[in-house]
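Novice: Provided below: input.txt, containing compact mmCIF, C-alpha atoms.
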```txt
# COMPACT_ATOMS: atom_id res chain seq x y z
CA MET A 1 -48.87 35.11 -13.41
CA ASN A 2 -46.53 32.39 -12.16
CA ARG A 3 -47.72 30.28 -9.31
CA SER A 4 -45.66 27.91 -7.24
CA ALA A 5 -46.61 24.28 -7.46
CA ALA A 6 -48.75 22.95 -4.68
CA PRO A 7 -46.98 20.51 -2.37
CA ALA A 8 -47.58 16.88 -3.12
CA ALA A 9 -50.28 15.35 -1.02
CA ALA A 10 -49.05 13.17 1.79
CA SER A 11 -50.05 9.55 1.79
CA SER A 12 -49.87 6.90 4.46
CA SER A 13 -49.67 3.19 4.86
CA LEU A 14 -49.79 0.63 7.62
CA VAL A 15 -46.52 -1.05 8.54
CA ALA A 16 -46.23 -3.88 11.04
CA ALA A 17 -43.86 -3.75 13.97
CA THR A 18 -41.38 -6.56 13.34
CA VAL A 19 -39.12 -8.71 15.50
CA SER A 20 -35.80 -9.47 13.82
CA THR A 21 -32.08 -9.74 14.40
CA MET A 22 -30.36 -6.37 14.08
CA THR A 23 -26.72 -6.01 13.16
CA GLN A 24 -24.30 -3.22 13.91
CA ALA A 25 -21.40 -2.90 11.52
CA VAL A 26 -18.35 -0.87 10.61
CA THR A 27 -18.55 0.10 6.95
CA THR A 28 -15.62 0.96 4.72
CA THR A 29 -14.21 0.32 1.25
CA GLY A 30 -11.32 -1.84 0.20
CA THR A 31 -9.40 -3.37 -2.69
CA ILE A 32 -9.67 -7.02 -3.66
CA GLN A 33 -6.28 -8.68 -4.04
CA PRO A 34 -5.06 -12.26 -4.48
CA ALA A 35 -4.11 -13.89 -1.20
CA ARG A 36 -0.74 -14.79 -2.72
CA ARG A 37 1.36 -12.74 -5.12
CA SER A 38 4.97 -13.17 -6.13
CA ASP A 39 7.03 -10.70 -8.19
CA LEU A 40 9.84 -12.78 -9.64
CA SER A 41 13.11 -11.37 -10.96
CA PHE A 42 16.58 -12.74 -11.60
CA THR A 43 19.11 -12.33 -8.79
CA VAL A 44 22.03 -13.17 -11.09
CA SER A 45 23.42 -11.25 -14.04
CA GLY A 46 23.17 -12.44 -17.60
CA LYS A 47 21.26 -12.41 -20.86
CA VAL A 48 17.71 -13.74 -20.85
CA THR A 49 17.64 -16.80 -23.09
CA LYS A 50 13.96 -17.72 -22.84
CA VAL A 51 10.69 -16.37 -21.47
CA SER A 52 7.93 -18.95 -21.60
CA ALA A 53 5.45 -17.10 -19.35
CA THR A 54 2.61 -15.10 -20.89
CA VAL A 55 0.02 -12.91 -19.23
CA GLY A 56 -3.06 -14.91 -18.28
CA GLN A 57 -1.25 -18.23 -18.45
CA ALA A 58 -2.16 -20.79 -15.80
CA VAL A 59 1.01 -22.21 -14.21
CA THR A 60 1.77 -24.93 -11.69
CA LYS A 61 4.22 -24.80 -8.82
CA GLY A 62 7.77 -25.32 -10.06
CA GLN A 63 6.96 -24.63 -13.72
CA VAL A 64 9.82 -22.87 -15.55
CA LEU A 65 8.90 -19.30 -16.54
CA ALA A 66 12.21 -17.84 -17.79
CA THR A 67 15.94 -18.55 -17.97
CA VAL A 68 19.20 -16.64 -18.38
CA ASP A 69 22.46 -17.82 -19.94
CA SER A 70 23.99 -20.06 -17.28
CA THR A 71 27.25 -21.00 -19.02
CA THR A 72 29.54 -19.10 -16.66
CA LEU A 73 27.41 -20.12 -13.67
CA LYS A 74 27.82 -23.82 -14.58
CA THR A 75 31.57 -23.29 -14.94
CA ALA A 76 31.61 -21.76 -11.45
CA VAL A 77 29.85 -24.86 -10.08
CA ASP A 78 32.37 -27.16 -11.74
CA THR A 79 35.29 -25.11 -10.39
CA ALA A 80 33.79 -25.11 -6.90
CA ASN A 81 33.27 -28.88 -7.05
CA ALA A 82 36.89 -29.36 -7.98
CA ALA A 83 37.96 -27.13 -5.08
CA VAL A 84 35.92 -29.23 -2.66
CA THR A 85 37.48 -32.44 -3.98
CA SER A 86 40.98 -30.96 -3.60
CA ALA A 87 40.20 -29.75 -0.07
CA GLU A 88 38.89 -33.18 0.92
CA GLU A 89 42.08 -34.79 -0.35
CA GLN A 90 44.09 -32.29 1.66
CA VAL A 91 42.18 -33.15 4.83
CA THR A 92 42.93 -36.83 4.24
CA SER A 93 46.62 -36.19 3.60
CA VAL A 94 47.14 -34.27 6.87
CA ALA A 95 45.11 -36.67 9.03
CA THR A 96 48.25 -37.65 10.97
CA SER A 97 49.83 -34.20 10.91
CA THR A 98 49.85 -31.53 13.59
CA THR A 99 46.67 -30.14 15.08
CA THR A 100 47.34 -26.82 13.36
CA GLN A 101 47.63 -28.41 9.91
CA ILE A 102 44.47 -30.46 10.43
CA ALA A 103 42.54 -27.37 11.52
CA ALA A 104 43.78 -25.41 8.50
CA ALA A 105 42.77 -28.18 6.11
CA ASN A 106 39.31 -28.45 7.66
CA ALA A 107 38.87 -24.69 7.44
CA GLN A 108 39.84 -24.79 3.77
CA LEU A 109 37.33 -27.57 3.16
CA ALA A 110 34.55 -25.63 4.91
CA GLN A 111 35.31 -22.58 2.80
CA ALA A 112 35.28 -24.67 -0.40
CA LYS A 113 31.91 -26.21 0.52
CA SER A 114 30.49 -22.75 1.23
CA ALA A 115 31.68 -21.53 -2.16
CA LEU A 116 30.10 -24.58 -3.82
CA ALA A 117 26.77 -23.90 -2.10
CA THR A 118 26.87 -20.31 -3.37
CA ALA A 119 27.73 -21.47 -6.89
CA ASN A 120 24.84 -23.97 -6.85
CA ASP A 121 22.44 -21.27 -5.61
CA ASN A 122 23.54 -18.92 -8.40
CA PHE A 123 23.16 -21.65 -11.00
CA ALA A 124 19.63 -22.42 -9.73
CA ALA A 125 18.83 -18.70 -9.78
CA ALA A 126 19.35 -18.68 -13.55
CA THR A 127 15.90 -20.26 -13.82
CA LEU A 128 12.70 -18.56 -12.66
CA THR A 129 9.98 -20.99 -11.60
CA ALA A 130 6.42 -20.50 -10.37
CA PRO A 131 6.42 -20.51 -6.54
CA PHE A 132 2.83 -21.78 -6.42
CA THR A 133 0.00 -22.80 -8.72
CA GLY A 134 -1.68 -19.70 -10.09
CA VAL A 135 -1.87 -17.34 -13.06
CA VAL A 136 0.74 -15.08 -14.65
CA ALA A 137 -0.46 -11.52 -14.11
CA ALA A 138 2.40 -9.52 -15.65
CA VAL A 139 5.55 -10.08 -17.72
CA SER A 140 8.11 -7.32 -18.18
CA MET A 141 11.07 -9.17 -19.70
CA ALA A 142 11.87 -10.77 -23.04
CA ALA A 143 14.51 -13.02 -24.53
CA GLY A 144 17.63 -11.01 -25.27
CA ASP A 145 17.25 -8.65 -22.31
CA THR A 146 20.22 -8.30 -20.00
CA VAL A 147 19.47 -8.56 -16.31
CA GLY A 148 21.72 -7.52 -13.46
CA SER A 149 24.95 -5.77 -14.41
CA THR A 150 28.19 -6.96 -15.93
CA SER A 151 31.68 -5.49 -15.96
CA SER A 152 34.77 -6.11 -18.06
CA GLY A 153 38.33 -4.79 -18.30
CA THR A 154 41.94 -5.73 -19.20
CA GLY A 155 45.47 -4.92 -18.10
CA ARG A 156 46.97 -4.16 -14.72
CA THR A 157 44.93 -0.98 -14.58
CA THR A 158 41.48 -2.34 -15.31
CA THR A 159 39.04 -0.16 -17.16
CA THR A 160 35.61 -1.37 -16.06
CA THR A 161 32.61 -1.13 -18.32
CA THR A 162 29.28 -1.56 -16.57
CA THR A 163 26.17 -2.48 -18.49
CA THR A 164 23.02 -1.22 -16.82
CA ALA A 165 20.36 -3.84 -17.33
CA THR A 166 16.63 -4.05 -17.07
CA THR A 167 14.99 -5.38 -13.95
CA GLY A 168 12.54 -7.76 -15.54
CA VAL A 169 9.68 -9.04 -13.43
CA ILE A 170 7.19 -11.87 -13.85
CA THR A 171 4.22 -11.59 -11.49
CA VAL A 172 2.30 -14.69 -10.46
CA ILE A 173 -0.93 -14.47 -8.46
CA SER A 174 -3.22 -17.01 -6.88
CA THR A 175 -6.77 -17.23 -8.20
CA ASP A 176 -8.17 -19.65 -5.65
CA SER A 177 -7.97 -17.42 -2.58
CA TRP A 178 -8.52 -13.69 -2.10
CA ILE A 179 -8.22 -10.93 0.45
CA VAL A 180 -9.62 -7.42 0.78
CA ASN A 181 -7.28 -4.66 1.94
CA ALA A 182 -9.36 -2.04 3.74
CA THR A 183 -8.90 0.74 6.29
CA VAL A 184 -10.92 1.97 9.27
CA GLY A 185 -10.80 5.12 11.37
CA SER A 186 -9.51 5.32 14.93
CA SER A 187 -13.06 5.51 16.33
CA ASP A 188 -13.94 2.14 14.77
CA LEU A 189 -10.68 0.37 15.60
CA PRO A 190 -11.59 -0.64 19.22
CA SER A 191 -14.70 -2.49 18.06
CA LEU A 192 -12.80 -4.76 15.64
CA THR A 193 -11.29 -8.14 16.47
CA LYS A 194 -9.86 -10.95 14.37
CA GLY A 195 -12.46 -13.40 13.18
CA LEU A 196 -15.34 -10.95 12.79
CA GLN A 197 -17.56 -11.69 9.84
CA ALA A 198 -17.69 -9.28 6.91
CA GLN A 199 -19.99 -8.74 3.96
CA ILE A 200 -18.25 -7.65 0.75
CA THR A 201 -19.92 -6.17 -2.31
CA PRO A 202 -17.53 -5.85 -5.28
CA SER A 203 -17.95 -2.73 -7.40
CA GLY A 204 -20.43 -3.24 -10.20
CA SER A 205 -22.03 -6.21 -8.47
CA THR A 206 -25.11 -6.57 -6.30
CA THR A 207 -24.10 -10.00 -5.06
CA LYS A 208 -22.51 -10.13 -1.63
CA ILE A 209 -19.57 -12.35 -0.84
CA PHE A 210 -18.33 -13.06 2.63
CA GLY A 211 -15.13 -13.11 4.61
CA THR A 212 -13.55 -12.81 8.04
CA VAL A 213 -11.16 -10.25 9.51
CA SER A 214 -7.70 -11.84 9.43
CA SER A 215 -5.54 -8.96 10.67
CA ILE A 216 -5.92 -5.47 12.14
CA GLY A 217 -3.11 -2.93 11.97
CA ILE A 218 -2.25 -0.88 15.04
CA ILE A 219 -0.07 1.68 13.25
CA ALA A 220 -1.94 4.38 11.33
CA GLY A 221 -1.22 4.76 7.66
CA ALA A 222 -0.83 7.97 5.70
CA SER A 223 -4.06 9.85 5.13
CA THR A 224 -4.64 12.75 2.77
CA ALA A 225 -7.72 13.74 4.77
CA GLY A 226 -5.70 14.37 7.90
CA SER A 227 -7.37 11.64 9.97
CA ALA A 228 -5.74 8.43 11.09
CA THR A 229 -6.68 5.24 9.28
CA PHE A 230 -5.64 1.72 10.15
CA PRO A 231 -5.22 -1.24 7.78
CA VAL A 232 -7.60 -4.17 8.04
CA VAL A 233 -7.21 -7.36 6.00
CA ILE A 234 -10.26 -9.53 5.31
CA ALA A 235 -9.87 -13.11 4.08
CA VAL A 236 -12.57 -13.91 1.52
CA THR A 237 -14.46 -17.11 2.26
CA GLY A 238 -14.11 -19.77 -0.45
CA ASN A 239 -13.38 -18.90 -4.05
CA PRO A 240 -16.39 -16.92 -5.33
CA ALA A 241 -16.69 -16.29 -9.03
CA GLY A 242 -16.62 -12.88 -10.66
CA ILE A 243 -14.01 -11.10 -8.54
CA TYR A 244 -10.81 -9.63 -9.95
CA ALA A 245 -7.50 -8.44 -8.55
CA GLY A 246 -7.39 -4.69 -8.01
CA SER A 247 -11.15 -4.10 -8.07
CA THR A 248 -12.76 -2.11 -5.26
CA ALA A 249 -15.49 -3.28 -2.92
CA ASP A 250 -17.82 -1.99 -0.22
CA VAL A 251 -17.17 -3.74 3.07
CA SER A 252 -19.41 -4.14 6.09
CA ILE A 253 -17.75 -5.71 9.15
CA ILE A 254 -20.35 -7.08 11.57
CA VAL A 255 -19.37 -6.07 15.11
CA LYS A 256 -22.59 -6.94 16.95
CA GLN A 257 -25.78 -8.91 16.39
CA LEU A 258 -28.88 -8.28 18.51
CA PRO A 259 -31.57 -10.98 18.29
CA ASN A 260 -35.29 -10.49 18.90
CA VAL A 261 -35.38 -6.72 18.47
CA LEU A 262 -38.82 -5.19 17.87
CA THR A 263 -38.58 -2.31 15.40
CA VAL A 264 -40.77 0.11 13.47
CA PRO A 265 -39.80 2.60 10.76
CA THR A 266 -38.21 5.61 12.40
CA VAL A 267 -40.58 7.91 10.48
CA ALA A 268 -43.51 6.29 12.32
CA LEU A 269 -42.44 7.95 15.57
CA HIS A 270 -43.94 11.28 16.67
CA THR A 271 -43.82 13.47 19.74
CA THR A 272 -47.10 14.39 21.42
CA ASN A 273 -47.14 16.38 24.68
CA GLY A 274 -43.53 15.46 25.29
CA ALA A 275 -44.12 11.74 24.83
CA THR A 276 -43.01 9.52 21.98
CA VAL A 277 -45.99 7.94 20.24
CA VAL A 278 -46.94 5.99 17.15
CA TYR A 279 -50.27 6.21 15.36
CA GLN A 280 -52.29 3.04 15.26
CA GLN A 281 -55.46 2.43 13.32
CA LYS A 282 -58.09 1.03 15.69
CA ASN A 283 -61.79 0.72 14.91
CA GLY A 284 -61.38 3.05 11.95
CA LYS A 285 -59.72 5.73 14.08
CA GLN A 286 -56.15 6.87 14.42
CA VAL A 287 -55.03 6.40 18.01
CA ASP A 288 -51.90 7.75 19.69
CA THR A 289 -49.99 4.88 21.32
CA PRO A 290 -47.15 5.85 23.70
CA VAL A 291 -43.99 3.80 23.16
CA THR A 292 -40.56 3.52 24.71
CA VAL A 293 -37.74 3.54 22.18
CA GLY A 294 -34.34 1.91 22.32
CA ALA A 295 -31.50 2.02 19.83
CA SER A 296 -31.82 3.56 16.39
CA TYR A 297 -30.76 1.54 13.36
CA GLY A 298 -30.93 4.16 10.66
CA ALA A 299 -34.35 3.83 9.07
CA LEU A 300 -35.54 1.56 11.90
CA THR A 301 -35.92 2.22 15.62
CA GLU A 302 -36.18 -0.31 18.43
CA ILE A 303 -39.38 -0.34 20.49
CA THR A 304 -38.86 -1.66 24.02
CA LYS A 305 -42.37 -1.03 25.32
CA GLY A 306 -45.82 -0.20 23.97
CA LEU A 307 -46.07 -2.46 20.91
CA ALA A 308 -46.03 -6.14 20.09
CA ASP A 309 -44.82 -8.06 17.07
CA GLY A 310 -47.29 -7.57 14.22
CA ASP A 311 -48.97 -4.42 15.57
CA GLN A 312 -49.80 -2.07 12.69
CA VAL A 313 -48.57 1.54 12.82
CA VAL A 314 -49.34 4.40 10.47
CA VAL A 315 -46.47 5.70 8.38
CA SER A 316 -46.97 8.93 6.46
CA PHE A 317 -44.75 10.17 3.68
CA GLY A 318 -44.96 12.95 1.11
CA GLY A 319 -45.64 12.38 -2.55
CA ALA A 320 -42.13 13.50 -3.47
CA GLY A 321 -40.50 11.34 -0.84
CA ARG A 322 -39.82 7.67 -0.74
CA ALA A 323 -41.65 5.05 1.16
CA PRO A 324 -40.10 4.33 4.51
CA GLY A 325 -38.61 1.04 5.45
CA GLY A 326 -35.29 -0.65 4.91
CA ALA A 327 -32.15 0.16 6.81
CA ARG A 328 -29.00 2.07 6.16
CA THR A 329 -25.85 0.21 5.21
CA GLY A 330 -24.01 -0.94 8.30
CA GLN A 331 -27.07 -1.08 10.55
CA ARG A 332 -29.73 -3.34 9.27
CA PRO A 333 -31.90 -6.34 10.12
CA GLY A 334 -30.88 -9.84 9.30
CA GLY A 335 -27.91 -12.09 9.88
CA ALA A 336 -24.52 -11.64 8.29
CA GLY A 337 -24.66 -14.78 6.19
CA GLY A 338 -21.62 -16.58 5.07
```
So, in terms of structure tokens, how does the structure I just supplied come out?

Specialist:
Amino acid sequence: MNRSAAPAAASSSLVAATVSTMTQAVTTTGTIQPARRSDLSFTVSGKVTKVSATVGQAVTKGQVLATVDSTTLKTAVDTANAAVTSAEEQVTSVATSTTTQIAAANAQLAQAKSALATANDNFAAATLTAPFTGVVAAVSMAAGDTVGSTSSGTGRTTTTTTTTATTGVITVISTDSWIVNATVGSSDLPSLTKGLQAQITPSGSTTKIFGTVSSIGIIAGASTAGSATFPVVIAVTGNPAGIYAGSTADVSIIVKQLPNVLTVPTVALHTTNGATVVYQQKNGKQVDTPVTVGASYGALTEITKGLADGDQVVVSFGGAGRAPGGARTGQRPGGAGG
């Protein structure tokens, strides 16, 4: 005959009431990203002549990463320079002419200088350079690729042929500063302000890193769950090792710290004759001690009256359960660190 297993025998232990600093926090998850990222692509048309960037390569600000054929762009600069020289000569030649002629010459010179500035910008755009010191994270172009679009045709009625080109991109990221992009719900938004300290635990790690809230969005983003969420950006403090772009992290934003809070494990509290009590061991006997409770911090509860720091209370737990103690993420004893 089958018999059900007997319940595990309860056991108990003595736990001291403890004074500590309690923290209240908003918990969420986020994605670690570099503080700076630049997706570089050519803004002029042409054939890529060289790509010197490779994924994982460390680069310095201004370092050349790729180039396109700049022959026609250099010709445009030379032509524009010649136009400026001609316009300057024209301004000099009409210096004693009528006001109208002087104004027209000056207007022509201004237009020529504007065209030269554009030509110089286009010529410079034939070279992609690193905008800051960092690491190449992605390369999606190669020598021989055509970027932008080109057209050609002949005769009075021009037949235009357009070449659709690739949009090559070289991505450079910083590796000396990081942020965490997170979201919070509308109920948590009012408690957040810039500068609040945050604890960050990257996925797969047990080591906390720290940061501060740098921005809080006030426009809700899209949510598949139907509830409004708001973007929060956290600037990571320093340059901790072992974090990677795109990895996820648990985030705890400290919104309040309460010093000198006396707490006991919540499971130590009982109700006797309508009063909240804890069991104390005195002279070999278990004695009911009435207490007044304050805020609850998950596995810990504040005691405002009835106990002193160090007083021992009885905590009972079943054999299949876990020992009490410790606090839930987001509401726990101890400072935020940093």

Novice: For each of A:Ser70, A:Thr237, A:Ser13, A:Thr193, take the minimum atom-to-atom distance to Tyr279 of chain A, counting all atoms listed in the file, then give the residue where this is smallest.

Specialist: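 Comparing A:Ser70, A:Thr237, A:Ser13, A:Thr193 against Tyr279 of chain A, the winner is A:Ser13.
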
Novice: Any chance you could tabulate, as JSON lines, the residues of segment 207-256 of chain A at most 12 Å from segment 168-173 of chain A with each one's nearest atom pair and distance in Å to one decimal, using only C-alpha atoms, in chain and rising number order?

Specialist:
```
{"residue": "A:Tyr244", "atom": "CA", "partner": "A:Ile173", "partner_atom": "CA", "distance": 11.1}
{"residue": "A:Ala245", "atom": "CA", "partner": "A:Ile173", "partner_atom": "CA", "distance": 8.9}
{"residue": "A:Gly246", "atom": "CA", "partner": "A:Ile173", "partner_atom": "CA", "distance": 11.7}
```

Novice: Save the residues we just selected, C-alpha atoms, as an mmCIF file, keeping the file's coordinate frame?

Specialist:
```cif
data_model
loop_
_atom_site.group_PDB
_atom_site.id
_atom_site.type_symbol
_atom_site.label_atom_id
_atom_site.label_comp_id
_atom_site.auth_asym_id
_atom_site.auth_seq_id
_atom_site.Cartn_x
_atom_site.Cartn_y
_atom_site.Cartn_z
ATOM 1 C CA TYR A 244 -10.810 -9.630 -9.950
ATOM 2 C CA ALA A 245 -7.500 -8.440 -8.550
ATOM 3 C CA GLY A 246 -7.390 -4.690 -8.010
#
```

Novice: Nearest residue to Thr276 of chain A out of A:Ile254, A:Val291, A:Leu116, A:Val135, using all atoms listed in the file?

Specialist: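 Checking each candidate against Thr276 of chain A, we get A:Val291 as the closest.
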
Novice: Might you pull out every residue within 7 Å of Ala35 of chain A, with all atoms listed in the file counted and same-chain residues fewer than 4 positions away left off, and present them as a ChimeraX atom specification?

Specialist: /A:174,177-179

Novice: Check the smallest atom-to-atom distance from each of A:Ile243, A:Ala112, A:Ile219, A:Leu40 to Ser140 of chain A using only C-alpha atoms, then report the winner.

Specialist: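 Among the listed residues, the smallest separation from Ser140 of chain A belongs to A:Leu40.
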
Novice: Which residue is closest to Thr29 of chain A? Choose from A:Gly217, A:Pro202, A:Gly148, A:Pro240 and count all atoms listed in the file.

Specialist: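 Counting all atoms listed in the file, the residue closest to Thr29 of chain A is A:Pro202.
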
Novice: Tell me, in Å to one decimal, how far atom CA of Gln286 of chain A is from atom CA of Ser316 of chain A.

Specialist: 12.3 Å

Novice: From (-30.5, 3.5, 19.6), in the file's coordinates, out to 12 Å: which residues are reached, counting only C-alpha atoms? Answer as JSON, numbers by chain.

Specialist: {"A": [22, 24, 258, 261, 263, 266, 292, 293, 294, 295, 296, 297, 298, 299, 300, 301, 302, 303, 304, 331]}

Novice: List as a PyMOL selection string the residues having at least one atom at most 9 Å from position (-6.0, 1.9, 8.6) as given in the file, counting only C-alpha atoms.

Specialist: chain A and resi 182-186+189+216-223+228-232

Novice: Could you tell me how far atom CA of Gln312 of chain A sits from atom CA of Asp288 of chain A, in Å to one decimal place?

Specialist: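 Going from atom CA of Asp288 of chain A over to atom CA of Gln312 of chain A covers 12.2 Å.
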
Novice: Go ahead and compute the interatomic distance for atom CA of Ser20 of chain A and atom CA of Gln257 of chain A, in Å to one decimal.

Specialist: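 So the answer is 10.4 Å.
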
Novice: Between A:Thr54, A:Thr146, A:Ser11, A:Thr207, which is the closest to Val315 of chain A once you count all atoms listed in the file?

Specialist: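 Under the stated criterion, the closest residue is A:Ser11.
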
Novice: Would you mind listing what lies within 12 Å of Asp311 of chain A as a ChimeraX atom specification, with all atoms listed in the file counted and same-chain residues fewer than 2 positions away left out?

Specialist: /A:14-19,262-264,278-282,289,303,306-309,313-314

Novice: Could you write out the selected residues, including C-alpha atoms, as a JSON list (two decimals), keeping the file's coordinate frame?

Specialist:
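Wrote it out as out.json, contents follow:
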```
[["chain", "number", "residue", "atom", "x", "y", "z"],
["A", 14, "LEU", "CA", -49.79, 0.63, 7.62],
["A", 15, "VAL", "CA", -46.52, -1.05, 8.54],
["A", 16, "ALA", "CA", -46.23, -3.88, 11.04],
["A", 17, "ALA", "CA", -43.86, -3.75, 13.97],
["A", 18, "THR", "CA", -41.38, -6.56, 13.34],
["A", 19, "VAL", "CA", -39.12, -8.71, 15.50],
["A", 262, "LEU", "CA", -38.82, -5.19, 17.87],
["A", 263, "THR", "CA", -38.58, -2.31, 15.40],
["A", 264, "VAL", "CA", -40.77, 0.11, 13.47],
["A", 278, "VAL", "CA", -46.94, 5.99, 17.15],
["A", 279, "TYR", "CA", -50.27, 6.21, 15.36],
["A", 280, "GLN", "CA", -52.29, 3.04, 15.26],
["A", 281, "GLN", "CA", -55.46, 2.43, 13.32],
["A", 282, "LYS", "CA", -58.09, 1.03, 15.69],
["A", 289, "THR", "CA", -49.99, 4.88, 21.32],
["A", 303, "ILE", "CA", -39.38, -0.34, 20.49],
["A", 306, "GLY", "CA", -45.82, -0.20, 23.97],
["A", 307, "LEU", "CA", -46.07, -2.46, 20.91],
["A", 308, "ALA", "CA", -46.03, -6.14, 20.09],
["A", 309, "ASP", "CA", -44.82, -8.06, 17.07],
["A", 313, "VAL", "CA", -48.57, 1.54, 12.82],
["A", 314, "VAL", "CA", -49.34, 4.40, 10.47]]
```

Novice: Which of these, A:Ala143, A:Ala241, A:Ala124, A:Ala137, has the shortest distance to Asp39 of chain A once you count only C-alpha atoms?

Specialist: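 Among A:Ala143, A:Ala241, A:Ala124, A:Ala137, it is A:Ala137 that comes nearest to Asp39 of chain A.
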
Novice: Quick one: everything within 10 Å of Val94 of chain A, counting only C-alpha atoms, minus sequence neighbours fewer than 5 positions away in the same chain. Send it as a ChimeraX atom specification.

Specialist: /A:89,99-106
